[in-house]
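Undergrad: Below you'll find my_file14.tsv; it's TSV, C-alpha atoms.
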chain	number	residue	atom	x	y	z
P	2	MET	CA	100.95	61.92	73.29
P	3	TRP	CA	97.16	62.15	72.94
P	4	LEU	CA	95.28	63.22	69.82
P	5	ASN	CA	92.48	65.75	70.34
P	6	CYS	CA	89.89	67.00	67.86
P	7	ASP	CA	87.22	69.72	67.80
P	8	LEU	CA	83.87	67.96	67.44
P	9	GLY	CA	80.13	68.43	67.82
P	10	GLU	CA	80.13	71.59	65.72
P	11	SER	CA	76.93	70.90	63.77
P	12	PHE	CA	73.92	73.13	64.40
P	13	GLY	CA	70.38	71.88	63.86
P	14	ASN	CA	70.03	70.80	60.23
P	15	TRP	CA	73.46	72.23	59.37
P	16	GLN	CA	75.90	69.35	59.52
P	17	MET	CA	79.62	70.03	59.94
P	18	GLY	CA	82.54	67.69	60.32
P	19	CYS	CA	83.00	63.93	60.16
P	20	ASP	CA	82.61	63.15	63.84
P	21	ALA	CA	81.67	59.48	63.51
P	22	GLU	CA	84.57	58.81	61.13
P	23	VAL	CA	87.29	60.53	63.18
P	24	MET	CA	86.21	59.52	66.70
P	25	PRO	CA	87.78	56.00	66.61
P	26	PHE	CA	91.25	57.48	66.01
P	27	ILE	CA	91.44	60.15	68.74
P	28	ASP	CA	91.85	60.24	72.51
P	29	GLN	CA	90.16	63.51	73.42
P	30	ALA	CA	87.00	65.12	72.04
P	31	ASN	CA	86.72	68.90	72.35
P	32	ILE	CA	82.93	69.25	72.28
P	33	ALA	CA	81.37	72.56	71.22
P	34	CYS	CA	79.03	73.94	73.86
P	35	GLY	CA	76.53	76.04	71.92
P	36	PHE	CA	78.06	79.52	71.76
P	37	HIS	CA	80.20	79.24	68.60
P	38	ALA	CA	78.53	76.07	67.28
P	39	SER	CA	76.38	73.10	68.33
P	40	ASP	CA	73.04	72.75	70.08
P	41	PRO	CA	71.81	70.60	73.01
P	42	LEU	CA	70.92	67.57	70.88
P	43	THR	CA	74.23	67.70	69.00
P	44	MET	CA	76.08	67.95	72.30
P	45	GLN	CA	74.25	64.88	73.60
P	46	GLN	CA	74.91	62.88	70.43
P	47	THR	CA	78.60	63.81	70.48
P	48	VAL	CA	78.96	62.80	74.12
P	49	ARG	CA	77.35	59.44	73.38
P	50	LEU	CA	79.64	58.88	70.41
P	51	ALA	CA	82.73	59.72	72.44
P	52	LEU	CA	81.72	57.42	75.29
P	53	GLN	CA	81.03	54.63	72.80
P	54	HIS	CA	84.66	54.82	71.65
P	55	GLY	CA	86.21	55.41	75.06
P	56	VAL	CA	87.26	58.96	74.17
P	57	MET	CA	87.91	61.53	76.89
P	58	LEU	CA	85.30	64.30	77.11
P	59	GLY	CA	86.41	67.91	76.92
P	60	ALA	CA	84.40	71.14	76.84
P	61	HIS	CA	85.10	73.54	73.97
P	62	PRO	CA	83.58	76.90	75.01
P	63	GLY	CA	83.88	80.00	72.87
P	64	TYR	CA	82.70	83.56	72.52
P	65	PRO	CA	78.93	83.92	71.87
P	66	ASP	CA	79.48	84.27	68.11
P	67	LEU	CA	77.55	81.73	66.03
P	68	VAL	CA	77.76	83.85	62.88
P	69	GLY	CA	81.53	84.18	63.10
P	70	PHE	CA	82.06	80.61	64.36
P	71	GLY	CA	83.76	82.02	67.45
P	72	ARG	CA	86.73	83.29	65.48
P	73	ARG	CA	86.12	86.96	66.30
P	74	SER	CA	87.27	88.49	69.56
P	75	LEU	CA	84.54	90.10	71.66
P	76	ALA	CA	85.01	92.86	74.20
P	77	CYS	CA	83.84	90.95	77.28
P	78	SER	CA	84.44	92.03	80.86
P	79	HIS	CA	86.26	89.75	83.28
P	80	ALA	CA	82.99	88.81	84.94
P	81	GLU	CA	81.36	88.07	81.57
P	82	LEU	CA	84.21	85.79	80.53
P	83	VAL	CA	84.06	83.79	83.75
P	84	ALA	CA	80.27	83.45	83.52
P	85	LEU	CA	80.06	82.53	79.84
P	86	ILE	CA	82.70	79.82	80.22
P	87	ARG	CA	81.01	78.33	83.28
P	88	TYR	CA	77.64	78.47	81.52
P	89	GLN	CA	78.90	76.45	78.55
P	90	VAL	CA	81.02	73.95	80.44
P	91	GLY	CA	78.29	73.45	83.02
P	92	ALA	CA	75.81	72.56	80.29
P	93	LEU	CA	78.15	69.93	78.86
P	94	GLN	CA	78.86	68.58	82.34
P	95	ALA	CA	75.13	68.05	82.90
P	96	ILE	CA	74.71	66.24	79.57
P	97	ALA	CA	77.79	64.12	80.19
P	98	ALA	CA	76.60	63.14	83.67
P	99	ALA	CA	73.20	62.12	82.30
P	100	GLU	CA	74.98	59.83	79.82
P	101	GLY	CA	77.21	58.29	82.48
P	102	GLY	CA	80.31	60.29	81.56
P	103	GLN	CA	82.41	63.08	82.98
P	104	VAL	CA	84.00	66.16	81.44
P	105	ARG	CA	87.74	65.96	82.14
P	106	TYR	CA	89.10	69.18	80.68
P	107	VAL	CA	88.33	72.54	79.06
P	108	LYS	CA	89.80	73.84	75.80
P	109	PRO	CA	88.63	77.32	74.76
P	110	HIS	CA	87.75	77.70	71.10
P	111	GLY	CA	88.98	80.01	68.37
P	112	ALA	CA	89.40	83.66	69.29
P	113	LEU	CA	88.91	82.94	72.99
P	114	TYR	CA	91.79	80.46	72.86
P	115	ASN	CA	94.03	82.93	71.04
P	116	ASP	CA	93.10	85.76	73.41
P	117	MET	CA	93.79	83.51	76.39
P	118	MET	CA	97.34	82.91	75.20
P	119	ALA	CA	97.97	86.56	74.25
P	120	GLN	CA	96.29	88.46	77.09
P	121	PRO	CA	97.10	87.61	80.74
P	122	GLU	CA	93.79	89.01	81.96
P	123	VAL	CA	91.86	86.65	79.68
P	124	PHE	CA	93.98	83.71	80.77
P	125	ARG	CA	93.21	84.55	84.40
P	126	ALA	CA	89.49	84.75	83.66
P	127	VAL	CA	89.58	81.33	82.00
P	128	LEU	CA	91.44	79.86	84.96
P	129	GLU	CA	88.98	81.37	87.43
P	130	ALA	CA	86.07	79.96	85.44
P	131	VAL	CA	87.57	76.47	85.37
P	132	ALA	CA	88.62	76.59	89.02
P	133	GLY	CA	85.06	77.41	90.08
P	134	LEU	CA	83.44	74.49	88.27
P	135	PRO	CA	82.74	71.09	89.90
P	136	GLY	CA	85.06	68.20	89.25
P	137	GLU	CA	88.80	68.09	88.69
P	138	LEU	CA	89.05	69.88	85.36
P	139	HIS	CA	92.28	70.43	83.44
P	140	LEU	CA	92.82	73.31	81.04
P	141	LEU	CA	94.19	72.49	77.60
P	142	ALA	CA	96.49	75.34	76.55
P	143	MET	CA	98.92	75.92	73.72
P	144	ALA	CA	102.48	74.78	74.33
P	145	VAL	CA	104.76	77.83	74.08
P	146	PRO	CA	108.43	78.44	74.88
P	147	ASP	CA	107.51	80.77	77.77
P	148	HIS	CA	105.08	78.28	79.29
P	149	ALA	CA	106.46	78.76	82.80
P	150	ARG	CA	104.57	82.02	83.36
P	151	PHE	CA	101.29	80.39	82.35
P	152	GLN	CA	102.06	77.42	84.59
P	153	GLN	CA	102.76	79.70	87.55
P	154	LEU	CA	99.40	81.44	87.33
P	155	ALA	CA	97.58	78.14	86.82
P	156	ASP	CA	99.31	76.73	89.90
P	157	GLU	CA	98.25	79.76	91.93
P	158	LEU	CA	94.61	79.16	91.02
P	159	GLY	CA	94.83	75.39	91.37
P	160	VAL	CA	94.10	74.49	87.75
P	161	PRO	CA	96.26	71.70	86.23
P	162	LEU	CA	97.37	72.29	82.64
P	163	TRP	CA	97.80	70.01	79.67
P	164	TRP	CA	99.91	71.43	76.83
P	165	GLU	CA	98.84	70.99	73.24
P	166	ALA	CA	100.31	71.58	69.79
P	167	PHE	CA	98.87	71.65	66.29
P	168	ALA	CA	99.84	69.17	63.60
P	169	ASP	CA	98.63	71.26	60.66
P	170	ARG	CA	99.65	74.79	61.66
P	171	ALA	CA	102.84	76.70	60.91
P	172	TYR	CA	104.84	77.94	63.90
P	173	THR	CA	106.73	81.23	64.03
P	174	PRO	CA	110.30	81.42	65.42
P	175	GLU	CA	108.73	82.80	68.62
P	176	GLY	CA	106.77	79.58	69.07
P	177	ARG	CA	103.36	81.01	68.18
P	178	LEU	CA	100.92	79.95	65.50
P	179	GLN	CA	101.30	81.84	62.26
P	180	PRO	CA	98.09	83.91	61.79
P	181	ARG	CA	95.50	82.27	59.54
P	182	ASN	CA	95.36	85.35	57.30
P	183	GLN	CA	98.97	84.76	56.24
P	184	ALA	CA	99.97	82.43	53.43
P	185	GLY	CA	101.14	79.01	54.57
P	186	ALA	CA	99.60	79.29	58.04
P	187	VAL	CA	97.62	76.07	57.61
P	188	TYR	CA	99.22	72.94	56.17
P	189	HIS	CA	97.22	70.89	53.69
P	190	ASP	CA	99.89	68.47	52.52
P	191	SER	CA	99.38	65.21	54.41
P	192	SER	CA	103.06	64.26	54.40
P	193	ARG	CA	103.99	67.58	55.99
P	194	ILE	CA	101.30	67.19	58.66
P	195	LEU	CA	102.45	63.65	59.43
P	196	GLN	CA	106.06	64.79	59.73
P	197	GLN	CA	105.12	67.59	62.13
P	198	ALA	CA	103.19	65.10	64.24
P	199	LEU	CA	106.31	62.96	64.48
P	200	ASP	CA	108.40	66.01	65.33
P	201	PHE	CA	106.07	66.91	68.17
P	202	ALA	CA	106.19	63.34	69.44
P	203	SER	CA	109.92	63.93	69.93
P	204	GLY	CA	109.25	67.28	71.64
P	205	GLN	CA	110.18	69.74	68.92
P	206	VAL	CA	108.86	71.65	65.92
P	207	LYS	CA	110.45	73.27	62.88
P	208	THR	CA	109.50	76.95	62.56
P	209	THR	CA	108.80	79.03	59.47
P	210	ALA	CA	112.39	80.33	59.74
P	211	GLY	CA	113.80	76.82	59.57
P	212	THR	CA	114.86	76.83	63.23
P	213	TRP	CA	113.85	74.22	65.79
P	214	LEU	CA	111.96	74.81	69.04
P	215	SER	CA	111.53	72.46	71.98
P	216	LEU	CA	107.98	72.47	73.34
P	217	PRO	CA	106.26	70.43	76.07
P	218	VAL	CA	103.43	68.63	74.27
P	219	GLN	CA	100.97	66.23	75.87
P	220	SER	CA	98.18	66.45	73.31
P	221	LEU	CA	98.23	67.04	69.56
P	222	CYS	CA	95.29	68.82	67.93
P	223	VAL	CA	94.11	67.29	64.67
P	224	HIS	CA	91.16	68.18	62.46
P	225	GLY	CA	88.52	65.86	61.08
P	226	ASP	CA	86.09	68.14	59.27
P	227	ASN	CA	86.32	66.42	55.87
P	228	PRO	CA	87.18	62.96	54.49
P	229	GLU	CA	90.72	64.04	53.58
P	230	SER	CA	91.47	65.25	57.10
P	231	VAL	CA	90.03	62.05	58.58
P	232	ALA	CA	92.53	60.11	56.46
P	233	VAL	CA	95.30	62.32	57.83
P	234	VAL	CA	94.19	61.66	61.41
P	235	ARG	CA	94.22	57.94	60.70
P	236	GLY	CA	97.72	58.32	59.30
P	237	ILE	CA	98.92	60.28	62.34
P	238	ARG	CA	97.59	57.57	64.63
P	239	GLN	CA	99.43	54.96	62.62
P	240	VAL	CA	102.80	56.76	62.47
P	241	LEU	CA	102.67	57.54	66.19
P	242	LYS	CA	102.03	53.87	66.93
P	243	GLN	CA	104.93	52.91	64.71
P	244	GLY	CA	107.15	55.47	66.42
P	245	GLN	CA	106.24	54.13	69.85
P	246	SER	CA	106.87	50.55	68.73
P	247	GLY	CA	110.26	51.55	67.34
P	248	ALA	CA	111.20	53.32	70.57
P	249	GLN	CA	110.23	50.28	72.62
P	250	GLY	CA	112.13	47.96	70.31
Show me the file's structure as structure tokens.
TA:
Amino acid sequence: MWLNCDLGESFGNWQMGCDAEVMPFIDQANIACGFHASDPLTMQQTVRLALQHGVMLGAHPGYPDLVGFGRRSLACSHAELVALIRYQVGALQAIAAAEGGQVRYVKPHGALYNDMMAQPEVFRAVLEAVAGLPGELHLLAMAVPDHARFQQLADELGVPLWWEAFADRAYTPEGRLQPRNQAGAVYHDSSRILQQALDFASGQVKTTAGTWLSLPVQSLCVHGDNPESVAVVRGIRQVLKQGQSGAQG
């Protein structure tokens, strides 16, 4: 199971995150593309940092919402969605190519990600955008119990999917993320986050109702926006290594 992290979210003189500290412990970097955060120089610096550590490059496009950090849904037409995603991913592809790298996947950010998983028409627009871009791009999407219907549409449009889960988010009995505006939606206790990472490594998660769900997970999203979260990421990497060693033994 890979570890992925949202990175490159600084903007000009405004510095956000601990990119240099967290990069050595992850496998995939979801790099902001300028619409919800970042700027061309930050994108270039993040690509260089990822390549230095052998981390897979991913594009992290969002709604054009710098003020709201991409966490507000915008009423975009189908054509707008396709174009704005291609615009952002294409920019990162050009920067990556200039640095000797290649963007391997796309993971929508924030509200666009949530809308993609909740609204079939948005999911289709994202798939069409990815399918029309150069290279063999995967789409990183949230692992859900009813993943078959998402897989079917992705297969129709020829876009391979990677399923991801979240180490620090509470899951409802329906297999969805508990909304951020509800108490307990985001875990802050490191031991709880580490335990959920181990649960996902075995293909399951404990919901807010105390029930267990089986989910297909290939990549685990972790956050590294402060020193405490970087320590958690380091811990997740360590416990996953120990779990793999134990399984092999």
Undergrad: For the atom pair atom CA of P:Gln89 and atom CA of P:Val187, what is the interatomic distance in Å to one decimal place?
TA: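 Separation of atom CA of P:Gln89 and atom CA of P:Val187: 28.1 Å.
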Undergrad: For each of P:Glu137, P:Glu129, P:Glu175, P:Glu10, take the minimum atom-to-atom distance to P:Leu67, counting all atoms listed in the file, then give the residue where this is smallest.
TA: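 Comparing P:Glu137, P:Glu129, P:Glu175, P:Glu10 against P:Leu67, the winner is P:Glu10.
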Undergrad: Work out how far atom CA of P:Pro65 is from atom CA of P:Asp226, in Å to one decimal.
TA: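 Between atom CA of P:Asp226 and atom CA of P:Pro65 the gap works out to 21.4 Å.
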Undergrad: When you draw a straight line from atom CA of P:Tyr106 to atom CA of P:Leu214, how long is it in Å?
TA: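 It comes out at 26.3 Å.
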Undergrad: Which one is closest to P:Gln120: P:Ser74, P:Gln243, P:Asn5, P:Gln153? Count only C-alpha atoms.
TA: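 Looking only at the distances to P:Gln120, the closest residue turns out to be P:Ser74.
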Undergrad: So which residues fall inside 8 Å of (85.0, 65.7, 80.5) if we count all atoms listed in the file? Mind giving them as a list in words?
TA: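 Residues found, by chain and rising number: Met57, Leu58, Gly59, Ala60, Gln94, Ala97, Gly102, Gln103, Val104, Arg105, Tyr106, Val107 and Leu138 of chain P.
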Undergrad: Given all atoms listed in the file as the basis, pick out the residue of P:Asp156, P:Asp116, P:Asp190, P:Glu100 nearest to P:Arg170.
TA: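 The closest residue to P:Arg170 is P:Asp190.
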Undergrad: Neighbours of stretch 15-26 of chain P within 12 Å (all atoms listed in the file; same-chain residues fewer than 2 positions away dropped), as a VMD selection string?
TA: chain P and resid 3 to 13 28 to 33 38 to 40 43 to 44 46 to 58 70 223 to 239 241 to 242
Undergrad: Between P:Cys34, P:Val206, P:Leu93, P:Val123, which is the closest to P:Leu75 once you count all atoms listed in the file?
TA: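 Smallest separation from P:Leu75 among the options: P:Val123.
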